[in-house]
$ cat target-v1.pdb   # PDB, C-alpha atoms
MODEL        1
ATOM      1  CA  MET A 355       2.498 -41.236 -12.041
ATOM      2  CA  ALA A 356       5.585 -41.543  -9.799
ATOM      3  CA  THR A 357       6.802 -38.456  -8.005
ATOM      4  CA  THR A 358      10.100 -38.298  -9.913
ATOM      5  CA  ASP A 359       8.264 -38.683 -13.231
ATOM      6  CA  ALA A 360       5.844 -35.885 -12.317
ATOM      7  CA  VAL A 361       8.734 -33.608 -11.400
ATOM      8  CA  CYS A 362      10.520 -34.370 -14.686
ATOM      9  CA  VAL A 363       7.369 -33.696 -16.727
ATOM     10  CA  ALA A 364       6.715 -30.432 -14.864
ATOM     11  CA  ARG A 365      10.261 -29.192 -15.451
ATOM     12  CA  ILE A 366      10.267 -30.223 -19.115
ATOM     13  CA  VAL A 367       7.028 -28.293 -19.653
ATOM     14  CA  TYR A 368       8.439 -25.313 -17.755
ATOM     15  CA  PHE A 369      11.643 -25.076 -19.795
ATOM     16  CA  ALA A 370       9.856 -25.942 -23.057
ATOM     17  CA  VAL A 371       7.502 -22.984 -22.648
ATOM     18  CA  LYS A 372      10.425 -20.671 -21.885
ATOM     19  CA  THR A 373      12.453 -21.978 -24.839
ATOM     20  CA  ILE A 374       9.556 -21.662 -27.294
ATOM     21  CA  THR A 375       8.883 -18.108 -26.128
ATOM     22  CA  VAL A 376      12.515 -17.061 -26.574
ATOM     23  CA  CYS A 377      12.791 -18.705 -30.009
ATOM     24  CA  VAL A 378       9.589 -17.083 -31.267
ATOM     25  CA  PHE A 379      10.702 -13.735 -29.877
ATOM     26  CA  LEU A 380      14.131 -13.895 -31.532
ATOM     27  CA  TYR A 381      13.149 -15.442 -34.870
ATOM     28  CA  PHE A 382       9.746 -14.054 -35.850
ATOM     29  CA  PRO A 383       9.144 -10.324 -36.365
ATOM     30  CA  CYS A 384       6.940  -8.593 -33.818
ATOM     31  CA  GLU A 385       6.570  -5.117 -32.394
ATOM     32  CA  MET A 386       8.194  -6.019 -29.059
ATOM     33  CA  ARG A 387      11.190  -7.553 -30.833
ATOM     34  CA  GLN A 388      11.702  -4.340 -32.765
ATOM     35  CA  ASN A 389      11.521  -2.317 -29.537
ATOM     36  CA  VAL A 390      14.175  -4.483 -27.864
ATOM     37  CA  ILE A 391      16.603  -5.215 -30.712
ATOM     38  CA  GLU A 392      16.249  -2.253 -33.035
ATOM     39  CA  LYS A 393      15.238   0.571 -30.683
ATOM     40  CA  PHE A 394      16.821  -1.024 -27.590
ATOM     41  CA  ASN A 395      13.940   0.012 -25.352
ATOM     42  CA  TYR A 396      15.163  -0.459 -21.773
ATOM     43  CA  LEU A 397      11.702  -1.273 -20.440
ATOM     44  CA  TYR A 398      11.242  -4.185 -22.829
ATOM     45  CA  PHE A 399      14.838  -5.266 -22.351
ATOM     46  CA  CYS A 400      14.347  -5.484 -18.584
ATOM     47  CA  SER A 401      11.167  -7.474 -19.184
ATOM     48  CA  PHE A 402      13.185  -9.923 -21.252
ATOM     49  CA  ILE A 403      15.487 -10.530 -18.264
ATOM     50  CA  LEU A 404      12.479 -11.857 -16.333
ATOM     51  CA  ILE A 405      13.088 -15.175 -18.091
ATOM     52  CA  LEU A 406      16.435 -15.540 -16.361
ATOM     53  CA  ILE A 407      15.054 -14.332 -13.044
ATOM     54  CA  GLY A 408      12.181 -16.797 -13.220
ATOM     55  CA  SER A 409      14.517 -19.699 -13.931
ATOM     56  CA  ALA A 410      16.802 -18.639 -11.087
ATOM     57  CA  TYR A 411      13.903 -18.531  -8.652
ATOM     58  CA  LEU A 412      12.825 -21.992  -9.769
ATOM     59  CA  PHE A 413      16.172 -23.477  -8.778
ATOM     60  CA  CYS A 414      16.467 -21.349  -5.639
ATOM     61  CA  THR A 415      13.078 -22.489  -4.416
ATOM     62  CA  SER A 416      13.744 -26.100  -5.334
ATOM     63  CA  GLY A 417      17.073 -26.227  -3.527
ATOM     64  CA  ASN A 418      15.952 -24.307  -0.483
ATOM     65  CA  ASN A 419      15.072 -26.206   2.693
ATOM     66  CA  PRO A 420      11.306 -25.789   3.182
ATOM     67  CA  GLY A 421      11.674 -26.391   6.914
ATOM     68  CA  PHE A 422      12.411 -30.076   7.389
ATOM     69  CA  LEU A 423      12.655 -31.126  11.010
ATOM     70  CA  GLY A 424      16.312 -31.976  11.583
ATOM     71  CA  GLU A 425      17.390 -35.102  13.412
ATOM     72  CA  ALA A 426      18.546 -33.200  16.506
ATOM     73  CA  ARG A 427      15.327 -31.187  16.561
ATOM     74  CA  MET A 428      13.249 -34.360  16.233
ATOM     75  CA  LYS A 429      15.039 -36.091  19.102
ATOM     76  CA  SER A 430      14.555 -33.117  21.422
ATOM     77  CA  LEU A 431      10.863 -32.928  20.555
ATOM     78  CA  LYS A 432      10.142 -36.608  21.051
ATOM     79  CA  HIS A 433      10.366 -36.252  24.804
ATOM     80  CA  ALA A 434       9.315 -32.609  25.259
ATOM     81  CA  LEU A 435       6.158 -32.800  23.192
ATOM     82  CA  SER A 436       5.091 -36.196  24.483
ATOM     83  CA  THR A 437       4.913 -34.792  28.020
ATOM     84  CA  THR A 438       2.576 -31.946  27.011
ATOM     85  CA  ASN A 439      -0.128 -34.110  25.462
ATOM     86  CA  ILE A 440      -3.565 -32.678  26.324
ATOM     87  CA  THR A 441      -6.862 -34.282  25.439
ATOM     88  CA  PRO A 442      -8.511 -32.110  22.815
ATOM     89  CA  VAL A 443     -11.864 -30.507  23.370
ATOM     90  CA  ASN A 444     -14.178 -28.845  20.907
ATOM     91  CA  GLU A 445     -16.953 -26.297  21.090
ATOM     92  CA  ARG A 446     -19.734 -28.896  21.045
ATOM     93  CA  GLU A 447     -18.351 -30.575  24.144
ATOM     94  CA  LEU A 448     -18.340 -27.237  25.950
ATOM     95  CA  GLU A 449     -21.921 -26.536  24.933
ATOM     96  CA  SER A 450     -23.023 -29.896  26.385
ATOM     97  CA  PHE A 451     -22.318 -28.688  29.929
ATOM     98  CA  PRO A 452     -25.085 -26.923  31.910
ATOM     99  CA  GLN A 453     -25.122 -23.126  31.821
ATOM    100  CA  GLY A 454     -22.522 -21.783  34.223
ATOM    101  CA  GLY A 455     -21.071 -25.224  34.855
ATOM    102  CA  VAL A 456     -18.380 -25.462  32.211
ATOM    103  CA  GLN A 457     -15.300 -27.056  33.690
ATOM    104  CA  GLU A 458     -12.402 -24.658  33.963
ATOM    105  CA  ASN A 459      -9.806 -27.252  32.983
ATOM    106  CA  LEU A 460     -11.586 -27.765  29.653
ATOM    107  CA  LEU A 461     -11.562 -24.046  28.980
ATOM    108  CA  ARG A 462      -7.830 -23.967  29.708
ATOM    109  CA  ALA A 463      -7.139 -26.803  27.274
ATOM    110  CA  LYS A 464      -5.264 -26.501  24.024
ATOM    111  CA  PRO A 465      -5.532 -28.705  20.943
ATOM    112  CA  ASP A 466      -3.722 -32.011  20.989
ATOM    113  CA  LYS A 467      -0.513 -32.364  19.031
ATOM    114  CA  HIS A 468      -0.359 -34.966  16.296
ATOM    115  CA  TYR A 469       1.914 -37.994  16.586
ATOM    116  CA  CYS A 470       3.827 -38.843  13.415
ATOM    117  CA  GLU A 471       4.106 -42.616  13.035
ATOM    118  CA  GLU A 472       6.750 -42.333  10.304
ATOM    119  CA  CYS A 473       9.118 -40.083  12.278
ATOM    120  CA  GLN A 474       8.098 -41.470  15.686
ATOM    121  CA  MET A 475       7.584 -38.080  17.302
ATOM    122  CA  TRP A 476       4.979 -35.556  18.400
ATOM    123  CA  GLN A 477       4.797 -32.843  15.786
ATOM    124  CA  PRO A 478       4.820 -29.118  16.618
ATOM    125  CA  TYR A 479       1.742 -27.197  15.562
ATOM    126  CA  ARG A 480       1.500 -26.507  11.809
ATOM    127  CA  THR A 481       3.807 -29.432  10.999
ATOM    128  CA  LYS A 482       2.865 -32.213   8.596
ATOM    129  CA  HIS A 483       4.641 -35.288   7.311
ATOM    130  CA  CYS A 484       5.163 -35.189   3.544
ATOM    131  CA  PRO A 485       4.756 -38.673   2.026
ATOM    132  CA  TYR A 486       6.855 -37.654  -1.007
ATOM    133  CA  CYS A 487       9.794 -36.078   0.828
ATOM    134  CA  LYS A 488       9.349 -38.597   3.689
ATOM    135  CA  LYS A 489      10.031 -35.898   6.265
ATOM    136  CA  CYS A 490       8.053 -33.665   8.594
ATOM    137  CA  VAL A 491       7.854 -30.060   7.375
ATOM    138  CA  HIS A 492       7.438 -26.959   9.535
ATOM    139  CA  LYS A 493       4.346 -24.934   8.550
ATOM    140  CA  PHE A 494       3.620 -27.330   5.705
ATOM    141  CA  ASP A 495       1.882 -25.709   2.737
ATOM    142  CA  HIS A 496       1.911 -28.315  -0.051
ATOM    143  CA  HIS A 497       4.202 -30.531  -2.071
ATOM    144  CA  CYS A 498       4.927 -28.835  -5.397
ATOM    145  CA  TYR A 499       5.874 -30.888  -8.469
ATOM    146  CA  TRP A 500       7.028 -27.772 -10.316
ATOM    147  CA  ILE A 501       9.881 -27.177  -7.871
ATOM    148  CA  GLY A 502      10.296 -30.848  -6.932
ATOM    149  CA  SER A 503      10.006 -30.219  -3.206
ATOM    150  CA  CYS A 504       7.695 -29.066  -0.451
ATOM    151  CA  VAL A 505       6.655 -25.496   0.198
ATOM    152  CA  GLY A 506       7.067 -24.826   3.881
ATOM    153  CA  GLU A 507       7.913 -22.123   6.375
ATOM    154  CA  LEU A 508      11.440 -21.420   5.140
ATOM    155  CA  ASN A 509      10.803 -21.248   1.396
ATOM    156  CA  HIS A 510       7.224 -19.909   1.179
ATOM    157  CA  ARG A 511       8.523 -16.397   0.467
ATOM    158  CA  ARG A 512      10.690 -17.677  -2.399
ATOM    159  CA  PHE A 513       7.744 -19.615  -3.801
ATOM    160  CA  TRP A 514       5.566 -16.477  -3.644
ATOM    161  CA  LEU A 515       8.224 -14.478  -5.501
ATOM    162  CA  PHE A 516       8.602 -17.288  -8.019
ATOM    163  CA  LEU A 517       4.864 -17.152  -8.763
ATOM    164  CA  LEU A 518       5.023 -13.366  -9.098
ATOM    165  CA  VAL A 519       7.908 -13.483 -11.587
ATOM    166  CA  GLN A 520       6.234 -16.252 -13.604
ATOM    167  CA  THR A 521       2.985 -14.266 -13.755
ATOM    168  CA  LEU A 522       4.845 -11.221 -15.063
ATOM    169  CA  PHE A 523       6.765 -13.322 -17.577
ATOM    170  CA  ASN A 524       3.576 -14.973 -18.876
ATOM    171  CA  PHE A 525       2.006 -11.532 -19.243
ATOM    172  CA  TRP A 526       5.110 -10.478 -21.199
ATOM    173  CA  SER A 527       4.792 -13.585 -23.414
ATOM    174  CA  LEU A 528       1.135 -12.795 -24.013
ATOM    175  CA  ASN A 529       2.130  -9.363 -25.261
ATOM    176  CA  ILE A 530       4.693 -10.917 -27.619
ATOM    177  CA  GLY A 531       1.940 -13.008 -29.136
ATOM    178  CA  ARG A 532      -0.406 -10.023 -29.404
ATOM    179  CA  SER A 533       2.175  -7.782 -31.073
ATOM    180  CA  GLY A 534       3.247 -10.616 -33.383
ATOM    181  CA  ILE A 535      -0.318 -11.277 -34.548
ATOM    182  CA  TYR A 536      -0.809  -7.567 -35.206
ATOM    183  CA  MET A 537       2.391  -7.308 -37.252
ATOM    184  CA  ALA A 538       1.748 -10.575 -39.129
ATOM    185  CA  GLN A 539      -1.583  -9.235 -40.349
ATOM    186  CA  GLU A 540      -0.003  -6.119 -41.808
ATOM    187  CA  PRO A 541       0.388  -6.452 -45.626
ATOM    188  CA  ARG A 542       3.919  -6.495 -46.895
ATOM    189  CA  ILE A 543       5.418  -6.377 -50.421
ATOM    190  CA  GLU A 544       7.713  -9.153 -51.506
ATOM    191  CA  GLU A 545      10.765  -7.690 -53.244
ATOM    192  CA  SER A 546      10.956 -10.504 -55.813
ATOM    193  CA  ASP A 547       7.558 -10.120 -57.462
ATOM    194  CA  GLY A 548       6.043  -7.065 -55.795
ATOM    195  CA  LYS A 549       3.037  -9.001 -54.504
ATOM    196  CA  VAL A 550       1.263  -7.831 -51.327
ATOM    197  CA  GLU A 551       0.652 -10.619 -48.783
ATOM    198  CA  THR A 552       0.426 -11.362 -45.083
ATOM    199  CA  SER A 553       2.314 -14.020 -43.140
ATOM    200  CA  GLY A 554      -0.126 -16.819 -42.284
ATOM    201  CA  LYS A 555       2.632 -18.978 -40.799
ATOM    202  CA  SER A 556       3.623 -16.287 -38.316
ATOM    203  CA  THR A 557      -0.018 -15.732 -37.374
ATOM    204  CA  VAL A 558      -0.488 -19.395 -36.444
ATOM    205  CA  ILE A 559       2.715 -19.445 -34.377
ATOM    206  CA  PHE A 560       1.848 -16.258 -32.501
ATOM    207  CA  LEU A 561      -1.706 -17.521 -31.900
ATOM    208  CA  PHE A 562      -0.274 -20.695 -30.368
ATOM    209  CA  LEU A 563       2.133 -18.688 -28.197
ATOM    210  CA  SER A 564      -0.695 -16.410 -27.074
ATOM    211  CA  PHE A 565      -2.861 -19.384 -26.103
ATOM    212  CA  VAL A 566      -0.090 -21.061 -24.093
ATOM    213  CA  ALA A 567       0.898 -17.773 -22.440
ATOM    214  CA  PHE A 568      -2.723 -17.007 -21.542
ATOM    215  CA  VAL A 569      -3.250 -20.433 -19.934
ATOM    216  CA  PHE A 570      -0.076 -20.145 -17.844
ATOM    217  CA  PHE A 571      -0.817 -16.503 -17.012
ATOM    218  CA  ILE A 572      -4.195 -17.469 -15.525
ATOM    219  CA  PHE A 573      -2.664 -20.472 -13.734
ATOM    220  CA  THR A 574       0.254 -18.640 -12.126
ATOM    221  CA  GLY A 575      -1.739 -15.434 -11.567
ATOM    222  CA  VAL A 576      -4.507 -17.165  -9.640
ATOM    223  CA  LEU A 577      -1.938 -19.115  -7.606
ATOM    224  CA  TRP A 578      -0.041 -15.909  -6.807
ATOM    225  CA  LEU A 579      -3.234 -14.167  -5.647
ATOM    226  CA  TYR A 580      -4.200 -17.198  -3.567
ATOM    227  CA  HIS A 581      -0.831 -17.377  -1.818
ATOM    228  CA  THR A 582      -0.975 -13.622  -1.229
ATOM    229  CA  PHE A 583      -4.273 -14.233   0.559
ATOM    230  CA  LEU A 584      -2.708 -17.066   2.593
ATOM    231  CA  ILE A 585       0.251 -14.910   3.639
ATOM    232  CA  MET A 586      -1.957 -11.975   4.648
ATOM    233  CA  THR A 587      -4.117 -14.241   6.845
ATOM    234  CA  ASN A 588      -1.198 -16.388   8.113
ATOM    235  CA  GLN A 589      -2.540 -19.644   6.735
ATOM    236  CA  THR A 590      -1.197 -22.417   4.532
ATOM    237  CA  THR A 591      -2.801 -24.235   1.621
ATOM    238  CA  TRP A 592      -3.124 -27.336   3.803
ATOM    239  CA  GLU A 593      -4.699 -25.433   6.694
ATOM    240  CA  HIS A 594      -7.109 -23.471   4.513
ATOM    241  CA  ASN A 595      -8.369 -26.482   2.555
ATOM    242  CA  LYS A 596      -8.269 -29.134   5.300
ATOM    243  CA  ARG A 597      -9.318 -27.072   8.340
ATOM    244  CA  ALA A 598     -12.178 -29.426   9.227
ATOM    245  CA  SER A 599      -9.800 -32.405   9.520
ATOM    246  CA  ILE A 600      -6.902 -30.655  11.300
ATOM    247  CA  ASN A 601      -7.329 -31.118  15.042
ATOM    248  CA  TYR A 602      -5.565 -27.934  16.112
ATOM    249  CA  LEU A 603      -7.892 -25.853  13.882
ATOM    250  CA  ASN A 604     -11.307 -27.550  14.165
ATOM    251  CA  PHE A 605     -10.795 -27.217  17.915
ATOM    252  CA  TYR A 606     -11.692 -23.511  17.642
ATOM    253  CA  PRO A 607     -14.944 -21.745  16.655
ATOM    254  CA  ALA A 608     -15.598 -21.427  12.927
ATOM    255  CA  GLY A 609     -13.930 -18.387  11.395
ATOM    256  CA  PHE A 610     -11.352 -18.047  14.175
ATOM    257  CA  LEU A 611      -7.808 -17.851  12.786
ATOM    258  CA  PRO A 612      -5.469 -18.709  15.676
ATOM    259  CA  PHE A 613      -2.308 -17.593  13.857
ATOM    260  CA  ASP A 614      -3.657 -14.301  12.473
ATOM    261  CA  TYR A 615      -1.684 -11.423  14.034
ATOM    262  CA  GLY A 616      -2.771  -8.744  11.579
ATOM    263  CA  ILE A 617      -1.770  -8.290   7.940
ATOM    264  CA  LYS A 618       1.458  -6.377   8.652
ATOM    265  CA  GLU A 619       2.742  -8.879  11.214
ATOM    266  CA  ASN A 620       1.653 -11.846   9.093
ATOM    267  CA  ILE A 621       3.690 -10.546   6.157
ATOM    268  CA  ARG A 622       6.702  -9.930   8.397
ATOM    269  CA  LEU A 623       6.582 -13.490   9.756
ATOM    270  CA  VAL A 624       6.735 -14.903   6.213
ATOM    271  CA  PHE A 625       9.369 -12.638   4.663
ATOM    272  CA  LEU A 626      11.563 -11.773   7.673
ATOM    273  CA  HIS A 627      11.823 -15.032   9.599
ATOM    274  CA  GLY A 628      15.627 -15.144   9.299
ATOM    275  CA  ASP A 629      15.604 -18.722   7.952
ATOM    276  CA  HIS A 630      14.547 -20.051  11.342
ATOM    277  CA  ALA A 631      11.347 -22.004  11.884
ATOM    278  CA  LEU A 632       9.143 -20.570  14.621
ATOM    279  CA  ASP A 633       7.659 -22.451  17.551
ATOM    280  CA  TRP A 634       4.005 -21.694  16.901
ATOM    281  CA  ASP A 635       1.791 -21.575  19.960
ATOM    282  CA  LEU A 636      -1.982 -21.549  20.275
ATOM    283  CA  PRO A 637      -4.406 -19.782  22.609
ATOM    284  CA  THR A 638      -6.530 -21.813  24.986
ATOM    285  CA  PHE A 639     -10.164 -22.314  24.100
ATOM    286  CA  LYS A 640     -11.132 -19.774  26.758
ATOM    287  CA  GLU A 641      -8.722 -17.202  25.322
ATOM    288  CA  ALA A 642     -10.153 -17.825  21.863
ATOM    289  CA  LEU A 643     -13.709 -17.252  23.122
ATOM    290  CA  GLU A 644     -12.785 -14.121  25.062
ATOM    291  CA  LYS A 645     -10.472 -12.642  22.467
ATOM    292  CA  GLU A 646     -12.006  -9.970  20.296
ATOM    293  CA  GLN A 647     -11.112 -11.438  16.940
ATOM    294  CA  ARG A 648      -9.538  -8.827  14.686
ATOM    295  CA  PHE A 649     -11.800  -8.390  11.670
ATOM    296  CA  ASN A 650     -10.045  -9.677   8.579
ATOM    297  CA  LEU A 651     -11.428  -8.423   5.288
ATOM    298  CA  LEU A 652     -10.145 -11.491   3.433
ATOM    299  CA  GLN A 653     -11.512 -14.175   5.753
ATOM    300  CA  ASN A 654     -13.804 -13.965   8.764
ATOM    301  CA  LYS A 655     -16.746 -15.786  10.326
ATOM    302  CA  TYR A 656     -19.101 -14.418   7.684
ATOM    303  CA  TYR A 657     -17.197 -15.303   4.517
ATOM    304  CA  SER A 658     -13.868 -16.273   2.982
ATOM    305  CA  CYS A 659     -12.740 -14.827  -0.332
ATOM    306  CA  CYS A 660     -10.906 -18.035  -1.269
ATOM    307  CA  CYS A 661     -13.272 -20.826  -0.202
TER     308      CYS A 661
ENDMDL
END
$ encode --input "target-v1.pdb" --output "structure tokens"
Amino acid sequence: MATTDAVCVARIVYFAVKTITVCVFLYFPCEMRQNVIEKFNYLYFCSFILILIGSAYLFCTSGNNPGFLGEARMKSLKHALSTTNITPVNERELESFPQGGVQENLLRAKPDKHYCEECQMWQPYRTKHCPYCKKCVHKFDHHCYWIGSCVGELNHRRFWLFLLVQTLFNFWSLNIGRSGIYMAQEPRIEESDGKVETSGKSTVIFLFLSFVAFVFFIFTGVLWLYHTFLIMTNQTTWEHNKRASINYLNFYPAGFLPFDYGIKENIRLVFLHGDHALDWDLPTFKEALEKEQRFNLLQNKYYSCCC
């Protein structure tokens, strides 16, 4: 499926789910509808507004620059980065030297930077060329069909908030379905003939809504938890899943997170970057070996909670 087609399908599904939820909420009787419309419960009313907030975040994230390398930035890097090319070295190469005879220049080495053939430049660390956007992206995370763009350094915080709002909205939709099923099963007397019956049609509709809401709640909830983990460890989806094939990461010992500055600082770097991409630097191999790696409860040399 072409990229534009995938984006269109994703957005149609997104707005279809929202539209169905609103229509069911407004047309069919349920406990939550009574709380909002009849009793005007402020808590439920505020929950209803999450629909609008979620849609707004979708467009904000889609239109926001994920961190594309600008033309001026690319031209300045073509020369500067090409002059700092260092032959990469890994831990196995160091272990092949006799005890006490490891060459100091190897220990002082840093990982090699990757050359982008499409953009004709040496990429900064954490940068990847997106084949769909056809541009290099700072701190590339992944290309998202739901927002029709990449998730990168400058819009990762918006994407995280978008996932949070969608998770809350899907939980809200699930509760609509639950309350609707409960009310549909209650017997009611028809005024025309006095017969007692339940609404089977409403039950089917609320069951369908509950199923759809549950599926999307699990989907967005798991994604939100995963990206929370990535933010707290200062990683990206690309780095976490492709570490073995990324030269500036497989250069270091297993379990070593070169960009992990502690949970508090990691969160600050994502949410308070001032819409400016950072020039990420890496420690030398010697610094990585000597550094007392801060123990991270979420990912360390013993385990990773999201492997």
$ closest_residue --input "target-v1.pdb" --among "A:Cys487, A:Cys400, A:Val367, A:Leu577" --to "Pro420 (chain A)" --atoms "only C-alpha atoms"
A:Cys487
$ residues_around --input "target-v1.pdb" --residues "region 512-524 of chain A" --least-positions-apart "3" --cutoff "7 Å" --atoms "all atoms listed in the file" --output "list in words"
Leu404, Ile405, Gly408, Tyr411, Leu412, Thr415, Asn509, Ser527, Leu528, Ala567, Phe570, Phe571, Thr574, Gly575, Trp578 and His581 of chain A
$ atom_distance --input "target-v1.pdb" --atom1 "CA of Ala410 (chain A)" --atom2 "CA of Ala364 (chain A)"
16.0 Å
$ closest_atom_pairs --input "target-v1.pdb" --of "region 493-567 of chain A" --to "region 624-644 of chain A" --cutoff "9 Å" --atoms "all atoms listed in the file" --output "JSON lines"
{"residue": "A:Lys493", "atom": "CA", "partner": "A:Ala631", "partner_atom": "CA", "distance": 8.3}
{"residue": "A:Glu507", "atom": "CA", "partner": "A:Ala631", "partner_atom": "CA", "distance": 6.5}
{"residue": "A:Leu508", "atom": "CA", "partner": "A:Asp629", "partner_atom": "CA", "distance": 5.7}
{"residue": "A:Asn509", "atom": "CA", "partner": "A:Asp629", "partner_atom": "CA", "distance": 8.5}
{"residue": "A:His510", "atom": "CA", "partner": "A:Val624", "partner_atom": "CA", "distance": 7.1}
{"residue": "A:Arg511", "atom": "CA", "partner": "A:Phe625", "partner_atom": "CA", "distance": 5.7}
{"residue": "A:Arg512", "atom": "CA", "partner": "A:Phe625", "partner_atom": "CA", "distance": 8.8}
$ write_last_selection --input "target-v1.pdb" --atoms "C-alpha atoms" --output "compact mmCIF listing (two decimals), in the frame of the given file"
# COMPACT_ATOMS: atom_id res chain seq x y z
CA LYS A 493 4.35 -24.93 8.55
CA GLU A 507 7.91 -22.12 6.38
CA LEU A 508 11.44 -21.42 5.14
CA ASN A 509 10.80 -21.25 1.40
CA HIS A 510 7.22 -19.91 1.18
CA ARG A 511 8.52 -16.40 0.47
CA ARG A 512 10.69 -17.68 -2.40
$ resolve_selection --input "target-v1.pdb" --expression "the PyMOL selection byres ((chain A and resi 503) around 10)" --output "ChimeraX atom specification"
/A:361,415-420,484,486-487,496-502,504-506
$ atom_distance --input "target-v1.pdb" --atom1 "CA of Ile585 (chain A)" --atom2 "CA of Asn620 (chain A)"
6.4 Å
$ closest_atom_pairs --input "target-v1.pdb" --of "region 581-611 of chain A" --to "region 473-483 of chain A" --cutoff "9 Å" --atoms "all atoms listed in the file" --output "CSV"
residue,atom,partner,partner_atom,distance
A:Thr590,CA,A:Arg480,CA,8.8
A:Glu593,CA,A:Arg480,CA,8.1
A:Tyr602,CA,A:Tyr479,CA,7.4
$ atom_distance --input "target-v1.pdb" --atom1 "CA of Phe568 (chain A)" --atom2 "CA of Thr375 (chain A)"
12.5 Å
